[in-house]
Number of protein chains: 2
Amino acid sequence: MKIFAASLLAALPLPLIAQTTPPDAAAVARLRDAALDDRVAWDLVEGLTSEIGPRLAGSDGERRAREWGLQKLKALGFSNVHIDEFKIDGWVRGVETAEIVGFGSQKLAITALGSSGATPAGGITAEIVRFDGIEALKAAPAGSLKGKIAFVTHRMAPAQDGSSYSAFGPIRFTGPGVAAQKGALAIVIRSVGTDHHRMPHTGLTQFPKAVTPIPAAAMSVPDAELLERLTVRGPVRLHLTLTPKNPGVLTSGQVVGEVPGTDPAAGVVVIGGHLDSWDLGTGAIDDGAGVAITTAAAKRILDSGMRPRRTIRVVWFGSEEIGGGRDGDGYQQSHGADNNVFAAESDFGADRVWQFNAKLPAESAAIKTRLADALGPLGIAPGTGEAHGGSDVEATIAKGASVVDLRQDGTRYFDAHHSPDDTLDRIDRAQLQQNVAAWTAMLAVVANAPEPLGVPRKP
Amino acid sequence: MKIFAASLLAALPLPLIAQTTPPDAAAVARLRDAALDDRVAWDLVEGLTSEIGPRLAGSDGERRAREWGLQKLKALGFSNVHIDEFKIDGWVRGVETAEIVGFGSQKLAITALGSSGATPAGGITAEIVRFDGIEALKAAPAGSLKGKIAFVTHRMAPAQDGSSYSAFGPIRFTGPGVAAQKGALAIVIRSVGTDHHRMPHTGLTQFPKAVTPIPAAAMSVPDAELLERLTVRGPVRLHLTLTPKNPGVLTSGQVVGEVPGTDPAAGVVVIGGHLDSWDLGTGAIDDGAGVAITTAAAKRILDSGMRPRRTIRVVWFGSEEIGGGRDGDGYQQSHGADNNVFAAESDFGADRVWQFNAKLPAESAAIKTRLADALGPLGIAPGTGEAHGGSDVEATIAKGASVVDLRQDGTRYFDAHHSPDDTLDRIDRAQLQQNVAAWTAMLAVVANAPEPLGVPRKP
């Protein structure tokens, strides 16, 4: 009789008993450990980078990637697979060259920043004015850059938590706007990157509304160091040609698939990475990996027989890199009215998860304890910081969704980020599998939690 | 009286007593150890890469580099400083682009190989045929590549002694000629490099005299791996545009300076690196470093007060990369009639010397023992192989000059070799200084050796 009851229990879909009690810790551990042999994530990121490659938002590459994703999610057995299109303001790269003229004459490896203005087709020639950091640029007197090219350099170094991106990133995020306001003809920055290769790192810059965009480019770290050495010797003049264009309104979109839950009232768990990429590389670590990791983890829940309490919605977000939808967040446009009680994104490469942070309702603190137990064997420790999610789930979290950040080791991330080097060979398969295991364990805990998540919906 | 004699000895130029006895080992050790603080080599390679940059043989960059070198060698106090010009058959890069068309459509990072033929301006489109290594290419049936683009890949890995270049280099050296003979429209190879960056590595290829050069390009290692993954899936088509030109006869040249010896009959010790570089990088490790190391070592002998028995001739060789002078070796053209009893070149980067080999007259074996004593404290062990010299001294050695190879650690060398990544930041200052110390010690031993060197000249 006892044996019969156990067999019966094993055969029953777990959620039938798990709606008021958490899933068995041993079952979560088995799912997690099996994921260390995952092949789905590798196959997805290998396929996406090999068969599609660069996927700039609004481009034909991104469109092909959506079609590719639609077929993949269907083939993997997800439910309700569909594409949600939305509109974006496009930006496309043109010619981009730079060379030192006169003393020290040689070519530089540069690339335009997203939303950069354009030079005339024949380029511009001007003297550079060097600034060591964003604060030095901000301190330049008004009008002092008239007729000059601002050159901003720095000493960004790798950090496991990626914090040096927050410290040095503003040189790219806002430096061009500052230089424009000081009257600069153009701006060239040392790439916001931590490698030493002739690879410029692109990325979005944002000009204030009232400011006309100036040509803005990043140069590779070795090229920036060359300029640094030459500025010590005397004046340096650059000839710069950048011809990016704003092609108007373009179509981007997200691909969606679901693992249906047993309790519609418990809300939706939204996870994913972003499908669009910069155009220079193939978008392996940014963010083919995030798409692959989250999809592979959801697939493991789908195949486990442990049908989750809450529906898990996998989203391959669109247009993360060059700015979101022109009518706001693409996900919120299509699914903002759903009961999104939880949202999390993987968008920091493919290296191992080393820490997690969680933002949960106060009455659901037990979830964090269960997460610590489930993630500890993977070498993942509870953090003391806040959980934020990624760009694509910020708006959803702002509306009240709970969130768990599975923080990846970012030491290598900014070596290749936004550069031509963002290719499949940057991904370490064992670390990718550790990510899948972490996401699988996290989903098993969160999607099945008996406790409430997010902001309770009014009926 | 004893003290007076010691002072007198110290004040006398050493060679007056050193023509029949070797220099004092302690004096050699002091010179060697002082060189570990050398700054001359760094300043030379920093200056050459920053103020001149790329120096393709026959280019304006190479001409400016010669003028720059002339001034530097004069300023450093060398004697008989001059430029020897010679003629070369030029080759210049044009447009170079490649993209996969149809399935897997994306752009590839490629560069033309030196002496590559050209496509029409609009490029060519054809299917690729994959070969894993040069032997597989050689085994292709005659005519089997008609209308196709050969794609040759491999798995070159780093090696301290650089031996993997000998093993995999033939894919570049002779692969294009083989493919042309099989009827291929063009050839693309995985770069002969050991990095994983989107940097194609150029380098000379040589077509047999009777064979019309076909377009020949190298792609970056990640791009080659992409093609490998796609060829497993099915046919792959490439659109390839390469428009290099042969501009005819151009002028190259070498810069020469000397440390005069005391014994003209003892012959000349020829050392140096090559001044020309590939056009993609700034020629830091290939071969600004060799120029800098050998010049700095000679400068240390010059400044030591230990005037050498033999004249040390420092040569910044011209046109090593795209083939030597059209009338033969540039050095032999100008100085072939001199009594060149010894010749050595530094042309393998700037990482530490770990081994030395020597080719010396049988009766001068004691020199090798003194070299082992002088180099051992730098971590340099005697090797068991032959000494060969470098490309620029081969002809001089073939005529009978003795040679010492100070073998550098080549583990990192082929990461950047012939690629845009050949920039100053690849050079580790401490290892550069160890090189200067090794060359200084070697020169002190060799230039002052009482034993004969090379082939005795008939009077």
# chains A, B, ... in the order shown; residues from 1 in each chain; ligands from 1
call {"tool": "closest_atom_pairs", "arguments": {"of": "chain A", "to": "chain B", "cutoff": "7 Å", "atoms": "only C-alpha atoms", "output": "CSV"}}
result
residue,atom,partner,partner_atom,distance
A:Ser50,CA,B:Leu226,CA,6.0
A:Glu51,CA,B:Gly104,CA,4.2
A:Ile52,CA,B:Gly104,CA,5.6
A:Gly53,CA,B:Gln106,CA,6.2
A:Phe103,CA,B:Glu51,CA,6.9
A:Gly104,CA,B:Glu51,CA,4.2
A:Ser105,CA,B:Ile52,CA,6.8
A:Gln106,CA,B:Gly53,CA,6.2
A:His197,CA,B:Asp421,CA,5.7
A:Arg198,CA,B:Asp421,CA,5.6
A:Pro222,CA,B:Asp425,CA,6.7
A:Leu226,CA,B:Ser50,CA,6.1
A:Leu230,CA,B:Ser50,CA,6.9
A:Pro420,CA,B:Arg198,CA,6.2
A:Asp421,CA,B:Arg198,CA,5.6
A:Thr423,CA,B:Pro222,CA,6.9
A:Asp425,CA,B:Pro222,CA,6.7
call {"tool": "residues_around", "arguments": {"residues": "region 71-80 of chain B", "least_positions_apart": "3", "cutoff": "12 Å", "atoms": "only C-alpha atoms", "output": "PDB file with N, CA, C and O atoms, in the first residue's frame"}}
result
ATOM      1  N   VAL B  40      66.731  52.110 -23.761  1.00  0.00           N
ATOM      2  CA  VAL B  40      66.929  52.469 -25.171  1.00  0.00           C
ATOM      3  C   VAL B  40      66.029  51.634 -26.087  1.00  0.00           C
ATOM      4  O   VAL B  40      65.385  52.163 -27.002  1.00  0.00           O
ATOM      5  N   ALA B  41      65.944  50.332 -25.817  1.00  0.00           N
ATOM      6  CA  ALA B  41      65.146  49.467 -26.694  1.00  0.00           C
ATOM      7  C   ALA B  41      63.673  49.883 -26.661  1.00  0.00           C
ATOM      8  O   ALA B  41      63.022  50.005 -27.709  1.00  0.00           O
ATOM      9  N   ASP B  43      62.428  52.790 -25.899  1.00  0.00           N
ATOM     10  CA  ASP B  43      62.252  54.088 -26.552  1.00  0.00           C
ATOM     11  C   ASP B  43      62.276  53.943 -28.074  1.00  0.00           C
ATOM     12  O   ASP B  43      61.527  54.639 -28.773  1.00  0.00           O
ATOM     13  N   LEU B  44      63.116  53.069 -28.582  1.00  0.00           N
ATOM     14  CA  LEU B  44      63.168  52.873 -30.034  1.00  0.00           C
ATOM     15  C   LEU B  44      61.880  52.263 -30.574  1.00  0.00           C
ATOM     16  O   LEU B  44      61.305  52.765 -31.542  1.00  0.00           O
ATOM     17  N   VAL B  45      61.421  51.200 -29.943  1.00  0.00           N
ATOM     18  CA  VAL B  45      60.222  50.533 -30.493  1.00  0.00           C
ATOM     19  C   VAL B  45      58.974  51.372 -30.215  1.00  0.00           C
ATOM     20  O   VAL B  45      58.041  51.402 -31.032  1.00  0.00           O
ATOM     21  N   GLY B  47      58.989  54.647 -30.197  1.00  0.00           N
ATOM     22  CA  GLY B  47      59.066  55.735 -31.173  1.00  0.00           C
ATOM     23  C   GLY B  47      58.697  55.280 -32.575  1.00  0.00           C
ATOM     24  O   GLY B  47      57.911  55.926 -33.276  1.00  0.00           O
ATOM     25  N   LEU B  48      59.246  54.150 -32.951  1.00  0.00           N
ATOM     26  CA  LEU B  48      59.013  53.644 -34.309  1.00  0.00           C
ATOM     27  C   LEU B  48      57.535  53.327 -34.538  1.00  0.00           C
ATOM     28  O   LEU B  48      56.961  53.668 -35.583  1.00  0.00           O
ATOM     29  N   ARG B  64      59.996  56.902 -44.573  1.00  0.00           N
ATOM     30  CA  ARG B  64      60.061  57.766 -43.390  1.00  0.00           C
ATOM     31  C   ARG B  64      60.766  57.053 -42.238  1.00  0.00           C
ATOM     32  O   ARG B  64      61.492  57.665 -41.456  1.00  0.00           O
ATOM     33  N   ALA B  65      60.544  55.745 -42.135  1.00  0.00           N
ATOM     34  CA  ALA B  65      61.191  54.977 -41.076  1.00  0.00           C
ATOM     35  C   ALA B  65      62.712  54.967 -41.256  1.00  0.00           C
ATOM     36  O   ALA B  65      63.467  55.032 -40.273  1.00  0.00           O
ATOM     37  N   ARG B  66      63.178  54.909 -42.493  1.00  0.00           N
ATOM     38  CA  ARG B  66      64.630  54.940 -42.721  1.00  0.00           C
ATOM     39  C   ARG B  66      65.215  56.282 -42.287  1.00  0.00           C
ATOM     40  O   ARG B  66      66.263  56.330 -41.636  1.00  0.00           O
ATOM     41  N   GLU B  67      64.536  57.362 -42.649  1.00  0.00           N
ATOM     42  CA  GLU B  67      65.012  58.693 -42.255  1.00  0.00           C
ATOM     43  C   GLU B  67      65.043  58.827 -40.733  1.00  0.00           C
ATOM     44  O   GLU B  67      65.977  59.366 -40.150  1.00  0.00           O
ATOM     45  N   TRP B  68      63.989  58.300 -40.129  1.00  0.00           N
ATOM     46  CA  TRP B  68      63.859  58.312 -38.664  1.00  0.00           C
ATOM     47  C   TRP B  68      65.032  57.525 -38.054  1.00  0.00           C
ATOM     48  O   TRP B  68      65.675  57.972 -37.107  1.00  0.00           O
ATOM     49  N   ILE B  83      72.325  55.012 -45.080  1.00  0.00           N
ATOM     50  CA  ILE B  83      71.251  54.206 -45.666  1.00  0.00           C
ATOM     51  C   ILE B  83      71.763  53.570 -46.948  1.00  0.00           C
ATOM     52  O   ILE B  83      72.405  54.235 -47.761  1.00  0.00           O
ATOM     53  N   ASP B  84      71.529  52.293 -47.115  1.00  0.00           N
ATOM     54  CA  ASP B  84      71.801  51.604 -48.392  1.00  0.00           C
ATOM     55  C   ASP B  84      70.456  51.301 -49.038  1.00  0.00           C
ATOM     56  O   ASP B  84      69.688  50.494 -48.506  1.00  0.00           O
ATOM     57  N   VAL B 255      69.138  50.658 -42.924  1.00  0.00           N
ATOM     58  CA  VAL B 255      69.858  51.690 -42.186  1.00  0.00           C
ATOM     59  C   VAL B 255      70.987  50.992 -41.424  1.00  0.00           C
ATOM     60  O   VAL B 255      70.764  49.951 -40.809  1.00  0.00           O
ATOM     61  N   VAL B 256      72.169  51.556 -41.485  1.00  0.00           N
ATOM     62  CA  VAL B 256      73.358  50.911 -40.923  1.00  0.00           C
ATOM     63  C   VAL B 256      74.083  51.861 -39.985  1.00  0.00           C
ATOM     64  O   VAL B 256      74.157  53.069 -40.242  1.00  0.00           O
ATOM     65  N   GLY B 257      74.588  51.330 -38.885  1.00  0.00           N
ATOM     66  CA  GLY B 257      75.458  52.090 -37.977  1.00  0.00           C
ATOM     67  C   GLY B 257      76.456  51.132 -37.348  1.00  0.00           C
ATOM     68  O   GLY B 257      76.201  49.924 -37.291  1.00  0.00           O
ATOM     69  N   GLU B 258      77.602  51.661 -36.913  1.00  0.00           N
ATOM     70  CA  GLU B 258      78.657  50.759 -36.424  1.00  0.00           C
ATOM     71  C   GLU B 258      79.240  51.172 -35.070  1.00  0.00           C
ATOM     72  O   GLU B 258      79.278  52.352 -34.737  1.00  0.00           O
ATOM     73  N   VAL B 259      79.682  50.162 -34.357  1.00  0.00           N
ATOM     74  CA  VAL B 259      80.565  50.346 -33.204  1.00  0.00           C
ATOM     75  C   VAL B 259      81.930  49.880 -33.697  1.00  0.00           C
ATOM     76  O   VAL B 259      82.125  48.680 -33.918  1.00  0.00           O
ATOM     77  N   PRO B 260      82.886  50.803 -33.916  1.00  0.00           N
ATOM     78  CA  PRO B 260      84.143  50.414 -34.556  1.00  0.00           C
ATOM     79  C   PRO B 260      84.977  49.500 -33.663  1.00  0.00           C
ATOM     80  O   PRO B 260      85.075  49.717 -32.454  1.00  0.00           O
ATOM     81  N   GLY B 261      85.567  48.483 -34.263  1.00  0.00           N
ATOM     82  CA  GLY B 261      86.427  47.570 -33.530  1.00  0.00           C
ATOM     83  C   GLY B 261      87.876  48.011 -33.576  1.00  0.00           C
ATOM     84  O   GLY B 261      88.236  48.957 -34.276  1.00  0.00           O
ATOM     85  N   VAL B 291      64.829  45.289 -34.111  1.00  0.00           N
ATOM     86  CA  VAL B 291      65.626  46.487 -34.381  1.00  0.00           C
ATOM     87  C   VAL B 291      66.059  47.118 -33.056  1.00  0.00           C
ATOM     88  O   VAL B 291      67.226  47.470 -32.850  1.00  0.00           O
ATOM     89  N   ALA B 292      65.098  47.227 -32.148  1.00  0.00           N
ATOM     90  CA  ALA B 292      65.346  47.912 -30.874  1.00  0.00           C
ATOM     91  C   ALA B 292      66.294  47.129 -29.979  1.00  0.00           C
ATOM     92  O   ALA B 292      67.208  47.698 -29.378  1.00  0.00           O
ATOM     93  N   THR B 294      68.589  44.770 -30.747  1.00  0.00           N
ATOM     94  CA  THR B 294      69.969  44.664 -31.235  1.00  0.00           C
ATOM     95  C   THR B 294      70.670  46.021 -31.180  1.00  0.00           C
ATOM     96  O   THR B 294      71.855  46.100 -30.845  1.00  0.00           O
ATOM     97  N   THR B 295      69.921  47.098 -31.476  1.00  0.00           N
ATOM     98  CA  THR B 295      70.528  48.428 -31.418  1.00  0.00           C
ATOM     99  C   THR B 295      70.878  48.795 -29.980  1.00  0.00           C
ATOM    100  O   THR B 295      71.958  49.341 -29.704  1.00  0.00           O
ATOM    101  N   ALA B 296      69.968  48.491 -29.060  1.00  0.00           N
ATOM    102  CA  ALA B 296      70.217  48.820 -27.649  1.00  0.00           C
ATOM    103  C   ALA B 296      71.410  48.041 -27.119  1.00  0.00           C
ATOM    104  O   ALA B 296      72.220  48.577 -26.344  1.00  0.00           O
ATOM    105  N   ALA B 297      71.546  46.782 -27.536  1.00  0.00           N
ATOM    106  CA  ALA B 297      72.687  45.974 -27.069  1.00  0.00           C
ATOM    107  C   ALA B 297      73.992  46.544 -27.612  1.00  0.00           C
ATOM    108  O   ALA B 297      74.984  46.682 -26.871  1.00  0.00           O
ATOM    109  N   ALA B 298      74.020  46.907 -28.891  1.00  0.00           N
ATOM    110  CA  ALA B 298      75.238  47.484 -29.480  1.00  0.00           C
ATOM    111  C   ALA B 298      75.582  48.817 -28.805  1.00  0.00           C
ATOM    112  O   ALA B 298      76.748  49.126 -28.552  1.00  0.00           O
ATOM    113  N   LYS B 299      74.556  49.583 -28.491  1.00  0.00           N
ATOM    114  CA  LYS B 299      74.747  50.867 -27.806  1.00  0.00           C
ATOM    115  C   LYS B 299      75.399  50.642 -26.439  1.00  0.00           C
ATOM    116  O   LYS B 299      76.232  51.436 -25.984  1.00  0.00           O
ATOM    117  N   ARG B 300      75.049  49.556 -25.780  1.00  0.00           N
ATOM    118  CA  ARG B 300      75.645  49.246 -24.469  1.00  0.00           C
ATOM    119  C   ARG B 300      77.130  48.909 -24.614  1.00  0.00           C
ATOM    120  O   ARG B 300      77.933  49.276 -23.762  1.00  0.00           O
ATOM    121  N   ILE B 301      77.484  48.216 -25.681  1.00  0.00           N
ATOM    122  CA  ILE B 301      78.909  47.941 -25.933  1.00  0.00           C
ATOM    123  C   ILE B 301      79.617  49.267 -26.244  1.00  0.00           C
ATOM    124  O   ILE B 301      80.700  49.561 -25.708  1.00  0.00           O
ATOM    125  N   LEU B 302      78.969  50.072 -27.070  1.00  0.00           N
ATOM    126  CA  LEU B 302      79.526  51.379 -27.448  1.00  0.00           C
ATOM    127  C   LEU B 302      79.816  52.239 -26.225  1.00  0.00           C
ATOM    128  O   LEU B 302      80.858  52.896 -26.130  1.00  0.00           O
ATOM    129  N   ASP B 303      78.901  52.236 -25.264  1.00  0.00           N
ATOM    130  CA  ASP B 303      79.028  53.104 -24.090  1.00  0.00           C
ATOM    131  C   ASP B 303      79.840  52.475 -22.967  1.00  0.00           C
ATOM    132  O   ASP B 303      80.058  53.113 -21.936  1.00  0.00           O
ATOM    133  N   THR B 311      84.492  45.075 -35.238  1.00  0.00           N
ATOM    134  CA  THR B 311      83.450  46.063 -35.509  1.00  0.00           C
ATOM    135  C   THR B 311      82.080  45.386 -35.416  1.00  0.00           C
ATOM    136  O   THR B 311      81.878  44.302 -35.981  1.00  0.00           O
ATOM    137  N   ILE B 312      81.174  46.033 -34.665  1.00  0.00           N
ATOM    138  CA  ILE B 312      79.784  45.548 -34.604  1.00  0.00           C
ATOM    139  C   ILE B 312      78.970  46.432 -35.548  1.00  0.00           C
ATOM    140  O   ILE B 312      78.940  47.657 -35.400  1.00  0.00           O
ATOM    141  N   ARG B 313      78.380  45.810 -36.521  1.00  0.00           N
ATOM    142  CA  ARG B 313      77.564  46.563 -37.484  1.00  0.00           C
ATOM    143  C   ARG B 313      76.079  46.275 -37.226  1.00  0.00           C
ATOM    144  O   ARG B 313      75.640  45.134 -37.362  1.00  0.00           O
ATOM    145  N   VAL B 314      75.348  47.317 -36.855  1.00  0.00           N
ATOM    146  CA  VAL B 314      73.905  47.190 -36.623  1.00  0.00           C
ATOM    147  C   VAL B 314      73.189  47.505 -37.933  1.00  0.00           C
ATOM    148  O   VAL B 314      73.432  48.563 -38.531  1.00  0.00           O
ATOM    149  N   VAL B 315      72.341  46.590 -38.372  1.00  0.00           N
ATOM    150  CA  VAL B 315      71.618  46.799 -39.629  1.00  0.00           C
ATOM    151  C   VAL B 315      70.122  46.717 -39.381  1.00  0.00           C
ATOM    152  O   VAL B 315      69.628  45.733 -38.817  1.00  0.00           O
ATOM    153  N   TRP B 316      69.412  47.769 -39.781  1.00  0.00           N
ATOM    154  CA  TRP B 316      67.953  47.736 -39.784  1.00  0.00           C
ATOM    155  C   TRP B 316      67.579  47.320 -41.215  1.00  0.00           C
ATOM    156  O   TRP B 316      67.490  48.148 -42.110  1.00  0.00           O
TER     157      TRP B 316
END
call {"tool": "closest_residue", "arguments": {"among": "B:Ala157, B:Ala350, B:Ala150, B:Ala167", "to": "Lys182 (chain B)", "atoms": "only C-alpha atoms"}}
result
B:Ala150
call {"tool": "residues_around", "arguments": {"residues": "Gly175 (chain A)", "least_positions_apart": "5", "cutoff": "9 Å", "atoms": "only C-alpha atoms", "output": "VMD selection string"}}
result
chain A and resid 134 137 to 138 152 170 180 187 189 205 to 207
call {"tool": "write_last_selection", "arguments": {"atoms": "all heavy atoms", "output": "CSV table (one decimal), in the first residue's frame"}}
result
chain,number,residue,atom,x,y,z
A,134,ILE,N,35.5,61.3,-18.2
A,134,ILE,CA,34.3,62.1,-18.5
A,134,ILE,C,34.2,63.4,-17.7
A,134,ILE,O,33.7,64.5,-18.2
A,134,ILE,CB,33.0,61.3,-18.2
A,134,ILE,CG1,31.7,62.0,-18.7
A,134,ILE,CG2,32.9,60.8,-16.8
A,134,ILE,CD1,31.4,62.0,-20.1
A,137,LEU,N,36.2,66.1,-19.4
A,137,LEU,CA,35.4,66.6,-20.5
A,137,LEU,C,34.3,67.6,-20.0
A,137,LEU,O,34.2,68.7,-20.6
A,137,LEU,CB,34.8,65.5,-21.3
A,137,LEU,CG,33.9,65.9,-22.5
A,137,LEU,CD1,34.7,66.6,-23.6
A,137,LEU,CD2,33.2,64.6,-23.0
A,138,LYS,N,33.6,67.2,-19.0
A,138,LYS,CA,32.6,68.1,-18.4
A,138,LYS,C,33.1,69.4,-18.0
A,138,LYS,O,32.4,70.4,-18.0
A,138,LYS,CB,31.8,67.4,-17.3
A,138,LYS,CG,30.9,66.3,-17.7
A,138,LYS,CD,30.2,65.6,-16.5
A,138,LYS,CE,29.3,64.5,-16.9
A,138,LYS,NZ,28.9,63.7,-15.7
A,152,VAL,N,38.5,61.3,-25.7
A,152,VAL,CA,38.4,61.0,-24.3
A,152,VAL,C,38.9,59.6,-24.0
A,152,VAL,O,38.5,58.6,-24.7
A,152,VAL,CB,36.9,61.1,-23.8
A,152,VAL,CG1,36.8,60.9,-22.3
A,152,VAL,CG2,36.2,62.4,-24.3
A,170,PRO,N,29.9,55.9,-18.9
A,170,PRO,CA,29.4,57.3,-19.3
A,170,PRO,C,30.2,58.0,-20.3
A,170,PRO,O,29.6,58.9,-21.0
A,170,PRO,CB,29.4,58.0,-17.9
A,170,PRO,CG,29.1,56.9,-16.9
A,170,PRO,CD,29.9,55.7,-17.5
A,180,ALA,N,29.3,67.7,-27.8
A,180,ALA,CA,28.5,68.5,-28.7
A,180,ALA,C,28.2,69.9,-28.0
A,180,ALA,O,28.2,70.9,-28.7
A,180,ALA,CB,27.3,67.7,-29.1
A,187,ILE,N,33.7,63.6,-31.8
A,187,ILE,CA,34.3,63.0,-30.6
A,187,ILE,C,34.8,61.6,-30.9
A,187,ILE,O,34.1,60.9,-31.7
A,187,ILE,CB,33.3,63.0,-29.4
A,187,ILE,CG1,34.0,62.4,-28.2
A,187,ILE,CG2,32.0,62.3,-29.7
A,187,ILE,CD1,33.2,62.6,-26.9
A,189,ILE,N,36.4,58.3,-28.7
A,189,ILE,CA,36.7,57.8,-27.4
A,189,ILE,C,37.5,56.5,-27.4
A,189,ILE,O,37.5,55.8,-28.4
A,189,ILE,CB,35.4,57.6,-26.6
A,189,ILE,CG1,34.6,56.4,-27.2
A,189,ILE,CG2,34.5,58.8,-26.5
A,189,ILE,CD1,33.5,55.9,-26.3
A,205,THR,N,25.1,55.7,-27.9
A,205,THR,CA,25.2,57.0,-27.2
A,205,THR,C,23.9,57.7,-27.3
A,205,THR,O,23.2,57.5,-28.2
A,205,THR,CB,26.4,57.8,-27.7
A,205,THR,OG1,26.6,58.9,-26.8
A,205,THR,CG2,26.2,58.3,-29.1
A,206,GLN,N,23.7,58.6,-26.3
A,206,GLN,CA,22.4,59.3,-26.3
A,206,GLN,C,22.6,60.8,-26.2
A,206,GLN,O,23.2,61.2,-25.2
A,206,GLN,CB,21.5,58.7,-25.2
A,206,GLN,CG,20.9,57.4,-25.7
A,206,GLN,CD,20.0,56.8,-24.6
A,206,GLN,OE1,20.4,56.6,-23.5
A,206,GLN,NE2,18.8,56.4,-25.0
A,207,PHE,N,22.2,61.5,-27.2
A,207,PHE,CA,22.3,63.0,-27.2
A,207,PHE,C,21.1,63.6,-26.5
A,207,PHE,O,20.0,63.1,-26.8
A,207,PHE,CB,22.5,63.5,-28.6
A,207,PHE,CG,23.8,63.1,-29.3
A,207,PHE,CD1,23.9,62.0,-30.1
A,207,PHE,CD2,24.9,63.9,-29.1
A,207,PHE,CE1,25.1,61.6,-30.7
A,207,PHE,CE2,26.1,63.5,-29.7
A,207,PHE,CZ,26.2,62.4,-30.5
call {"tool": "atom_distance", "arguments": {"atom1": "CA of Ala447 (chain B)", "atom2": "CA of Val269 (chain B)"}}
result
6.5 Å
call {"tool": "atom_distance", "arguments": {"atom1": "CA of Ala337 (chain B)", "atom2": "CA of Lys87 (chain B)"}}
result
19.0 Å
call {"tool": "residues_around", "arguments": {"residues": "Asn435 (chain A)", "least_positions_apart": "3", "cutoff": "8 Å", "atoms": "only C-alpha atoms", "output": "VMD selection string"}}
result
chain A and resid 293 350 to 353 431 to 432 438 to 439
call {"tool": "write_last_selection", "arguments": {"atoms": "C-alpha atoms", "output": "PDB file, in the first residue's frame"}}
result
ATOM      1  CA  ILE A 293      20.523  29.730 -21.505  1.00  0.00           C
ATOM      2  CA  ALA A 350      28.077  33.024 -20.833  1.00  0.00           C
ATOM      3  CA  ASP A 351      30.564  32.781 -17.990  1.00  0.00           C
ATOM      4  CA  ARG A 352      29.587  31.151 -14.720  1.00  0.00           C
ATOM      5  CA  VAL A 353      26.996  32.468 -12.321  1.00  0.00           C
ATOM      6  CA  GLN A 431      30.320  27.569 -17.999  1.00  0.00           C
ATOM      7  CA  LEU A 432      27.358  27.818 -20.364  1.00  0.00           C
ATOM      8  CA  ALA A 438      21.393  27.722 -12.384  1.00  0.00           C
ATOM      9  CA  TRP A 439      18.425  28.935 -14.435  1.00  0.00           C
TER      10      TRP A 439
END
call {"tool": "select_by_dssp", "arguments": {"residues": "region 291-355 of chain B", "states": "strand (DSSP E or B)", "output": "JSON, numbers by chain"}}
result
{"B": [311, 312, 313, 314, 315, 316, 317, 340, 341, 342, 343, 344, 345, 353, 354, 355]}
call {"tool": "residues_around", "arguments": {"residues": "Leu36 (chain A)", "least_positions_apart": "2", "cutoff": "8 Å", "atoms": "only C-alpha atoms", "output": "list of chain:residue names"}}
result
A:Arg32, A:Asp33, A:Ala34, A:Asp38, A:Ala430, A:Gln433, A:Gln434, A:Val436, A:Ala437
call {"tool": "residues_around", "arguments": {"residues": "Thr194 (chain B)", "least_positions_apart": "2", "cutoff": "6 Å", "atoms": "only C-alpha atoms", "output": "number ranges by chain"}}
result
B: 157-158, 414-415
call {"tool": "write_last_selection", "arguments": {"atoms": "N, CA, C and O atoms", "output": "compact mmCIF listing (two decimals), in the first residue's frame"}}
result
# COMPACT_ATOMS: atom_id res chain seq x y z
N ALA B 157 48.47 25.47 -33.12
CA ALA B 157 48.43 25.82 -31.70
C ALA B 157 49.78 26.44 -31.31
O ALA B 157 50.78 26.24 -32.01
N PRO B 158 49.81 27.20 -30.24
CA PRO B 158 51.07 27.86 -29.86
C PRO B 158 52.15 26.85 -29.49
O PRO B 158 51.86 25.77 -28.98
N PHE B 414 52.53 34.12 -32.47
CA PHE B 414 51.61 33.98 -33.60
C PHE B 414 50.17 34.38 -33.27
O PHE B 414 49.28 34.25 -34.09
N ASP B 415 49.98 34.88 -32.05
CA ASP B 415 48.68 35.50 -31.75
C ASP B 415 48.51 36.80 -32.54
O ASP B 415 47.40 37.15 -32.94
call {"tool": "residues_around", "arguments": {"residues": "region 368-370 of chain A", "least_positions_apart": "2", "cutoff": "12 Å", "atoms": "only C-alpha atoms", "output": "PyMOL selection string"}}
result
chain A and resi 22-26+28-29+356-366+372-376+381-384+402-405+441-446+448-451+453
call {"tool": "select_by_dssp", "arguments": {"residues": "region 228-423 of chain A", "states": "helix (DSSP H, G or I)", "output": "ChimeraX atom specification"}}
result
/A:228-233,264-266,284-303,330-335,362-364,366-378,394-398,413-416
call {"tool": "atom_distance", "arguments": {"atom1": "CA of Ile128 (chain A)", "atom2": "CA of His239 (chain A)"}}
result
10.1 Å
call {"tool": "decode", "arguments": {"residues": "region 377-382 of chain A", "atoms": "C-alpha atoms", "output": "tab-separated table (two decimals), in the first residue's frame"}}
result
chain	number	residue	atom	x	y	z
A	377	PRO	CA	26.12	23.39	-5.05
A	378	LEU	CA	26.85	25.31	-8.28
A	379	GLY	CA	29.16	27.68	-6.39
A	380	ILE	CA	26.55	30.43	-6.33
A	381	ALA	CA	26.31	32.47	-3.14
A	382	PRO	CA	23.49	34.75	-2.01
